[in-house]
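> So that we are looking at the same thing, I have put the structure below in structure tokens.
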Amino acid sequence: MSVTKKYIDFLRDISTFIPQERIYTDELRRLAWGTDAGFYRLIPQVVIRSDNEKEVSELLKCANKHLLPVTFRAAGTSLSGQAISDSILVVAGKHWEKYTVSPDATQITLQPGIIGQRVNEILKPYGRKFSPDPASVKSAMVGGIVMNNASGMNCGTHANSDKVLHSARMVFADGTILNTGDAESRRNFTLQKPEFIRQIESMRDLVRNDHQLAERIRYKYSIKNVTGLNLLPFITFDDPFDIIAHLLVGSEGTLAFLSEVTMQTEYDYPFKASAMLYFDDIKEACRAVVAMKKLTTENGETVVKGAELLDCKSLASVNDPTGYGLTAVLTETKASTAKELAGNIQVVEEALKNFKTHTPVHFTDEESEYAAYWAIRAGIFPSVGGTRKPGTTCLIEDVAFHIEDLPEATAELQQLLAHHG
Ligand SMILES: Cc1cc2nc3c(=O)[nH]c(=O)nc-3n(C[C@H](O)[C@H](O)[C@H](O)COP(=O)(O)OP(=O)(O)OC[C@H]3O[C@@H](n4cnc5c(N)ncnc54)[C@H](O)[C@@H]3O)c2cc1C
């Protein structure tokens, strides 16, 4: 059977339950949906703007029947081609924006099409926030954030989607729906798919019984690691349903469609201050980051909640006027009261006396001032990309190091980049 015939049959089948105006097969719209924020392009055969879970379940059954690959898409801001397809592209943005906040606001249940920034707006009146914080949070949607395990300037690995996910509702390739947060759904799934559960348990036991492997996994995931599927759940959770829910995080839509997710929310400190610290030497900047990371308050909380290093190329791309060849560390501290914030700033300033900064350390708690710093950080990728030669493209990849290796590793990475142009 030819590929085209398969798609014609698939289209005929789905047309019985999806209205024509949400199925795109014309060249223009297929071309338009053929790219994400990365530099790859694949032209989908069919684009479907999905509307609800039952429909996704039916269309996955159809795609499965015709052996056709499916890719999901939320906002399409992925940088490595995660949200593009040369087969069937299922878009779940618009129509997937429902949410409920738990009575004490410590949890929020979200459909996948809500933009991250919108989640923060919903939670703001409760003094809470959505902890996964990619720089693209003003565009990226919950489905994409969870499925890429996207993280940014503040959440690190202590509050990424894997850490704050409570339960997930999903649709598998054969159309089966599972809600890991619902006892009846778990019971039905166990009856329907006993072998699936057994396999998850046996993988869990296999990983755990190999102590060296378990230790290696723990170490690897103590820093950002979104390469391949998420192995951490096998050593973090006993319950197979918790393992399944957390396996979805970072799976880039390869394991199931995420139709709803319940996540813990994070306390949003009302008092914040940031400083742009400038250093002549990148190693000195990294050493300062290592020292600041160790600072704790009287009740054991970390003083510095975020530190973002901007190298000289990044600073040049945003025309930073401070000086040539400098490294900046955008540093943030937060507190529950103004007094605590002042105390935190004092602790950081004291620690920085041991380091050579290019300009005096200056923290600001003026929102307009520090928001401008963070806007610079969020805009670095497009700014750096904008400095490339015409006709070239921009490749981006996260490189993560354990904090103790940061000074040496950063310097060596810079040498590597300089060596290879
Ligand atoms: C300027 C810029 C800055 C960025 N900064 C960061 C950053 O700081 N940190 C970071 O980690 N990333 C960053 N990114 C990358 C990207 O924005 C994030 O990974 C983001 O979370 C992707 O969300 P999205 O809604 O665009 O998802 P998409 O790109 O649409 O999809 C992401 C993945 O999720 C899958 N998916 C989407 N919805 C579903 C669903 N309902 N069910 C199953 N699978 C689904 C897709 O198939 C795809 O594999 C940045 C991108 C840009 C352009």
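Chain labels A, B, ... are given in the sequence in which chains occur in the structure tokens; within each chain residues are numbered consecutively from 1, and ligands are likewise numbered from 1 in the order shown.
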Could you list, as a VMD selection string, all residues that come within 6 Å of ligand 1? Count only C-alpha atoms and all ligand atoms.
chain A and resid 37 71 to 79 82 to 83 92 112 134 to 136 140 to 141 143 to 145 147 to 148 150 to 152 252 to 253 256 to 259 381 to 382
> Do you know which residues are at most 9 Å from A:Thr106 counting only C-alpha atoms, after dropping those on the same chain fewer than 6 positions away, and could you put them as a PyMOL selection string?
chain A and resi 128+263-267
> Write out the residues from the selection above, keeping N, CA, C and O atoms, as a PDB file, in the first residue's frame.

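selection13.pdb was written with the following content:
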```
ATOM      1  N   ARG A 128       1.218  32.306  44.679  1.00  0.00           N
ATOM      2  CA  ARG A 128       1.893  31.083  44.215  1.00  0.00           C
ATOM      3  C   ARG A 128       2.356  31.285  42.781  1.00  0.00           C
ATOM      4  O   ARG A 128       1.950  32.231  42.101  1.00  0.00           O
ATOM      5  N   MET A 263      -0.143  19.706  38.973  1.00  0.00           N
ATOM      6  CA  MET A 263       1.206  20.038  39.435  1.00  0.00           C
ATOM      7  C   MET A 263       1.150  20.818  40.740  1.00  0.00           C
ATOM      8  O   MET A 263       0.189  21.551  40.988  1.00  0.00           O
ATOM      9  N   GLN A 264       2.202  20.630  41.544  1.00  0.00           N
ATOM     10  CA  GLN A 264       2.298  21.443  42.756  1.00  0.00           C
ATOM     11  C   GLN A 264       2.693  22.853  42.343  1.00  0.00           C
ATOM     12  O   GLN A 264       3.501  23.018  41.428  1.00  0.00           O
ATOM     13  N   THR A 265       2.136  23.827  43.030  1.00  0.00           N
ATOM     14  CA  THR A 265       2.532  25.209  42.757  1.00  0.00           C
ATOM     15  C   THR A 265       3.621  25.602  43.750  1.00  0.00           C
ATOM     16  O   THR A 265       3.839  24.903  44.744  1.00  0.00           O
ATOM     17  N   GLU A 266       4.286  26.714  43.481  1.00  0.00           N
ATOM     18  CA  GLU A 266       5.406  27.111  44.338  1.00  0.00           C
ATOM     19  C   GLU A 266       5.111  28.456  45.001  1.00  0.00           C
ATOM     20  O   GLU A 266       4.503  29.335  44.375  1.00  0.00           O
ATOM     21  N   TYR A 267       5.544  28.593  46.228  1.00  0.00           N
ATOM     22  CA  TYR A 267       5.399  29.873  46.930  1.00  0.00           C
ATOM     23  C   TYR A 267       6.139  30.953  46.148  1.00  0.00           C
ATOM     24  O   TYR A 267       7.286  30.753  45.746  1.00  0.00           O
TER      25      TYR A 267
END
```
> Take atom CA of A:Arg187 and atom CA of A:Met203 and report the distance between them in Å, one decimal.
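So the answer is 20.5 Å.
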> I'd like the interatomic distance between atom CA of A:Asn160 and atom CA of A:Ser131, to a tenth of an Å.
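Atom-to-atom, atom CA of A:Asn160 and atom CA of A:Ser131 are spaced 6.6 Å apart.
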> Based on the backbone DSSP call, show me all residues of stretch 172-393 of chain A assigned strand (DSSP E or B), as number ranges by chain.
A: 177-179, 257-264, 266-267, 271-279, 296, 302, 304-310, 327-335, 364
> For a test of reading the model, state the distance in Å between atom CA of A:Asn149 and atom CA of A:Ser80, rounded to one decimal.
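If I compute the distance from atom CA of A:Asn149 to atom CA of A:Ser80, I get 13.6 Å.
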> Residues of stretch 343-417 of chain A in helix (DSSP H, G or I) according to DSSP, as a PyMOL selection string?
chain A and resi 343-352+367-378+380-386+403-417
> Those residues you just picked out, can you put them in a file as a CSV table (one decimal), in the first residue's frame with N, CA and C atoms?

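Once written, result30.csv looks like this:
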```
chain,number,residue,atom,x,y,z
A,343,GLY,N,18.6,41.5,54.5
A,343,GLY,CA,19.6,40.6,55.1
A,343,GLY,C,20.3,39.8,54.0
A,344,ASN,N,19.5,39.2,53.1
A,344,ASN,CA,20.0,38.4,52.0
A,344,ASN,C,21.0,39.2,51.2
A,345,ILE,N,20.7,40.4,50.8
A,345,ILE,CA,21.6,41.2,50.0
A,345,ILE,C,22.9,41.4,50.7
A,346,GLN,N,22.8,41.7,52.0
A,346,GLN,CA,24.0,41.9,52.8
A,346,GLN,C,24.9,40.7,52.8
A,347,VAL,N,24.3,39.5,52.9
A,347,VAL,CA,25.0,38.2,52.9
A,347,VAL,C,25.8,38.0,51.6
A,348,VAL,N,25.1,38.3,50.5
A,348,VAL,CA,25.7,38.1,49.2
A,348,VAL,C,26.8,39.1,49.0
A,349,GLU,N,26.6,40.4,49.4
A,349,GLU,CA,27.6,41.4,49.2
A,349,GLU,C,28.8,41.1,50.0
A,350,GLU,N,28.6,40.6,51.2
A,350,GLU,CA,29.8,40.2,52.0
A,350,GLU,C,30.6,39.1,51.3
A,351,ALA,N,29.8,38.1,50.8
A,351,ALA,CA,30.5,36.9,50.2
A,351,ALA,C,31.3,37.4,48.9
A,352,LEU,N,30.7,38.4,48.2
A,352,LEU,CA,31.4,38.8,47.0
A,352,LEU,C,32.6,39.7,47.2
A,367,GLU,N,11.2,46.9,40.6
A,367,GLU,CA,10.7,45.9,39.7
A,367,GLU,C,11.1,46.3,38.2
A,368,SER,N,10.9,47.6,37.9
A,368,SER,CA,11.2,48.0,36.5
A,368,SER,C,12.7,47.8,36.2
A,369,GLU,N,13.5,48.0,37.2
A,369,GLU,CA,15.0,47.8,36.9
A,369,GLU,C,15.4,46.4,36.8
A,370,TYR,N,14.9,45.5,37.8
A,370,TYR,CA,15.3,44.1,37.6
A,370,TYR,C,14.6,43.4,36.6
A,371,ALA,N,13.4,43.8,36.2
A,371,ALA,CA,12.6,43.1,35.1
A,371,ALA,C,13.4,43.4,33.8
A,372,ALA,N,14.0,44.5,33.7
A,372,ALA,CA,14.8,44.8,32.5
A,372,ALA,C,16.0,43.9,32.4
A,373,TYR,N,16.7,43.6,33.5
A,373,TYR,CA,17.8,42.6,33.5
A,373,TYR,C,17.3,41.3,33.0
A,374,TRP,N,16.2,40.8,33.6
A,374,TRP,CA,15.7,39.5,33.2
A,374,TRP,C,15.2,39.4,31.8
A,375,ALA,N,14.7,40.6,31.3
A,375,ALA,CA,14.3,40.6,29.9
A,375,ALA,C,15.5,40.5,29.0
A,376,ILE,N,16.6,41.0,29.4
A,376,ILE,CA,17.8,40.9,28.6
A,376,ILE,C,18.2,39.4,28.6
A,377,ARG,N,18.1,38.7,29.7
A,377,ARG,CA,18.5,37.3,29.8
A,377,ARG,C,17.5,36.5,28.9
A,378,ALA,N,16.2,36.8,29.0
A,378,ALA,CA,15.2,36.0,28.2
A,378,ALA,C,15.4,36.2,26.7
A,380,ILE,N,18.4,36.8,25.2
A,380,ILE,CA,19.7,36.5,24.7
A,380,ILE,C,19.7,35.6,23.5
A,381,PHE,N,18.9,34.5,23.5
A,381,PHE,CA,19.0,33.6,22.4
A,381,PHE,C,18.6,34.2,21.1
A,382,PRO,N,17.5,35.0,21.0
A,382,PRO,CA,17.2,35.7,19.7
A,382,PRO,C,18.3,36.7,19.4
A,383,SER,N,18.8,37.4,20.5
A,383,SER,CA,19.8,38.4,20.2
A,383,SER,C,21.1,37.8,19.6
A,384,VAL,N,21.6,36.7,20.3
A,384,VAL,CA,22.8,36.1,19.8
A,384,VAL,C,22.5,35.5,18.4
A,385,GLY,N,21.3,34.9,18.2
A,385,GLY,CA,21.0,34.4,16.9
A,385,GLY,C,21.0,35.5,15.8
A,386,GLY,N,20.6,36.7,16.2
A,386,GLY,CA,20.5,37.8,15.3
A,386,GLY,C,21.9,38.3,14.8
A,403,ILE,N,28.0,21.8,39.9
A,403,ILE,CA,28.5,23.1,40.3
A,403,ILE,C,30.0,23.1,40.6
A,404,GLU,N,30.5,22.1,41.2
A,404,GLU,CA,31.9,22.1,41.6
A,404,GLU,C,32.8,22.1,40.3
A,405,ASP,N,32.3,21.6,39.2
A,405,ASP,CA,33.1,21.6,38.0
A,405,ASP,C,32.9,22.9,37.1
A,406,LEU,N,32.0,23.8,37.6
A,406,LEU,CA,31.7,24.9,36.7
A,406,LEU,C,32.8,25.8,36.2
A,407,PRO,N,33.7,26.3,37.1
A,407,PRO,CA,34.8,27.2,36.6
A,407,PRO,C,35.6,26.6,35.5
A,408,GLU,N,36.2,25.3,35.8
A,408,GLU,CA,37.0,24.7,34.8
A,408,GLU,C,36.3,24.4,33.5
A,409,ALA,N,35.1,23.8,33.7
A,409,ALA,CA,34.3,23.4,32.5
A,409,ALA,C,33.9,24.5,31.6
A,410,THR,N,33.5,25.7,32.3
A,410,THR,CA,33.1,26.8,31.5
A,410,THR,C,34.3,27.3,30.6
A,411,ALA,N,35.4,27.4,31.3
A,411,ALA,CA,36.6,28.0,30.6
A,411,ALA,C,37.0,27.0,29.5
A,412,GLU,N,36.9,25.7,29.7
A,412,GLU,CA,37.3,24.8,28.6
A,412,GLU,C,36.3,24.8,27.5
A,413,LEU,N,35.0,25.0,27.8
A,413,LEU,CA,34.0,25.0,26.8
A,413,LEU,C,34.2,26.3,25.9
A,414,GLN,N,34.6,27.4,26.5
A,414,GLN,CA,34.9,28.6,25.8
A,414,GLN,C,36.0,28.4,24.8
A,415,GLN,N,37.1,27.7,25.3
A,415,GLN,CA,38.2,27.4,24.5
A,415,GLN,C,37.8,26.5,23.3
A,416,LEU,N,37.0,25.5,23.6
A,416,LEU,CA,36.5,24.6,22.5
A,416,LEU,C,35.8,25.4,21.4
A,417,LEU,N,34.9,26.3,21.9
A,417,LEU,CA,34.1,27.1,20.9
A,417,LEU,C,35.0,28.0,20.1
```
> With only C-alpha atoms as the counted atoms, please give the residues lying no more than 8 Å from stretch 177-179 of chain A, apart from itself and same-chain residues fewer than 3 positions off, as a list in words.
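My list of contacting residues is Ser57, Ser167, Ala168, Arg169, Met170, Val171, Phe172, Asp182, Ser185, Arg186 and Phe189 of chain A.
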> Would you mind telling me which residue in A:Glu260, A:Asn225, A:Lys272, A:Gly379 lies nearest to A:Ser314 when using only C-alpha atoms?
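The answer is A:Gly379, which sits nearest to A:Ser314.
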> Considering only C-alpha atoms, return as an MDAnalysis selection string whatever protein or nucleic-acid residues lie within 10 Å of stretch 42-51 of chain A, sequence-local ones (same chain, fewer than 3 positions apart) excluded.
chainID A and resid 4 7 10:11 14 18:27 29:36 54:56 59 70:73 81 83:96
> Check the smallest atom-to-atom distance from each of A:Lys305, A:Arg218, A:Lys61, A:Lys193 to A:Ala159 using only C-alpha atoms, then report the winner.
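Checking each candidate against A:Ala159, we get A:Lys305 as the closest.
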> Find the spatial neighbours of A:Gly156, counting only C-alpha atoms, within a cut-off of 9 Å - ignore same-chain residues fewer than 6 positions away - and output them as a PyMOL selection string.
chain A and resi 132-133+223-224+306
> A:Thr337, A:Asn188, A:Ser161, A:Thr297: which is nearest A:Asn230, counting only C-alpha atoms?
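Selected residue with least distance to A:Asn230: A:Ser161.
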> Choose the residue, out of A:Ile197, A:Leu123, A:Val249, A:Val207, that has the smallest atom-to-atom separation from A:Asp162; count only C-alpha atoms.
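Ranking A:Ile197, A:Leu123, A:Val249, A:Val207 by distance to A:Asp162, first place goes to A:Val249.
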> Do a neighbour search on A:Glu301 at 12 Å with only C-alpha atoms, toss out local chain neighbours closer than 5 positions, and write the hits as a VMD selection string.
chain A and resid 293 to 296 333 to 336 340 344
> Could you write out that same residue set with C-alpha atoms as a compact mmCIF listing (two decimals), in the first residue's frame?

```txt
# COMPACT_ATOMS: atom_id res chain seq x y z
CA LYS A 293 25.28 28.76 45.80
CA LYS A 294 26.54 27.74 49.25
CA LEU A 295 24.99 30.72 51.07
CA THR A 296 22.04 29.82 53.28
CA THR A 333 17.60 36.75 45.81
CA LYS A 334 14.07 36.55 47.22
CA ALA A 335 12.45 36.79 50.64
CA SER A 336 9.14 36.89 52.49
CA GLU A 340 14.81 39.42 55.14
CA ASN A 344 20.02 38.38 52.03
```
> A:Glu332, A:Asp9, A:Asp238, A:Glu97: which is nearest A:Thr302, counting only C-alpha atoms?
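Looking at the shortest contact to A:Thr302, the residue is A:Glu332.
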> Calculated over only C-alpha atoms, which of the candidates A:Leu309, A:Val261, A:Leu28, A:Ala214 has the smallest distance to A:Thr100?
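Once distances to A:Thr100 are computed over only C-alpha atoms, the minimum belongs to A:Val261.
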> Tell me, as a PyMOL selection string, which residues lie within 8 Å of A:Asp268, counting only C-alpha atoms; anything in the same chain fewer than 4 positions away does not count.
chain A and resi 124+127-129
> Could you please take those selected residues and save all heavy atoms as an mmCIF file, in the first residue's frame?

```cif
data_model
loop_
_atom_site.group_PDB
_atom_site.id
_atom_site.type_symbol
_atom_site.label_atom_id
_atom_site.label_comp_id
_atom_site.auth_asym_id
_atom_site.auth_seq_id
_atom_site.Cartn_x
_atom_site.Cartn_y
_atom_site.Cartn_z
ATOM 1 N N LYS A 124 -1.046 34.129 40.672
ATOM 2 C CA LYS A 124 -0.537 35.326 41.361
ATOM 3 C C LYS A 124 -1.410 35.763 42.553
ATOM 4 O O LYS A 124 -0.883 36.004 43.649
ATOM 5 C CB LYS A 124 -0.370 36.482 40.364
ATOM 6 C CG LYS A 124 0.581 37.557 40.867
ATOM 7 C CD LYS A 124 0.881 38.568 39.780
ATOM 8 C CE LYS A 124 1.654 39.746 40.294
ATOM 9 N NZ LYS A 124 2.894 39.465 40.939
ATOM 10 N N GLY A 127 -0.523 34.139 45.696
ATOM 11 C CA GLY A 127 0.866 34.202 46.159
ATOM 12 C C GLY A 127 1.653 32.965 45.757
ATOM 13 O O GLY A 127 2.626 32.590 46.412
ATOM 14 N N ARG A 128 1.218 32.306 44.679
ATOM 15 C CA ARG A 128 1.893 31.083 44.215
ATOM 16 C C ARG A 128 2.356 31.285 42.781
ATOM 17 O O ARG A 128 1.950 32.231 42.101
ATOM 18 C CB ARG A 128 0.940 29.874 44.256
ATOM 19 C CG ARG A 128 0.169 29.684 45.526
ATOM 20 C CD ARG A 128 0.985 29.196 46.676
ATOM 21 N NE ARG A 128 1.595 27.889 46.486
ATOM 22 C CZ ARG A 128 2.401 27.311 47.379
ATOM 23 N NH1 ARG A 128 2.695 27.934 48.505
ATOM 24 N NH2 ARG A 128 2.929 26.125 47.156
ATOM 25 N N LYS A 129 3.200 30.369 42.294
ATOM 26 C CA LYS A 129 3.620 30.448 40.890
ATOM 27 C C LYS A 129 3.827 29.054 40.307
ATOM 28 O O LYS A 129 3.898 28.062 41.040
ATOM 29 C CB LYS A 129 4.878 31.296 40.755
ATOM 30 C CG LYS A 129 6.089 30.703 41.404
ATOM 31 C CD LYS A 129 7.325 31.507 41.036
ATOM 32 C CE LYS A 129 8.554 30.815 41.569
ATOM 33 N NZ LYS A 129 9.778 31.206 40.980
#
```
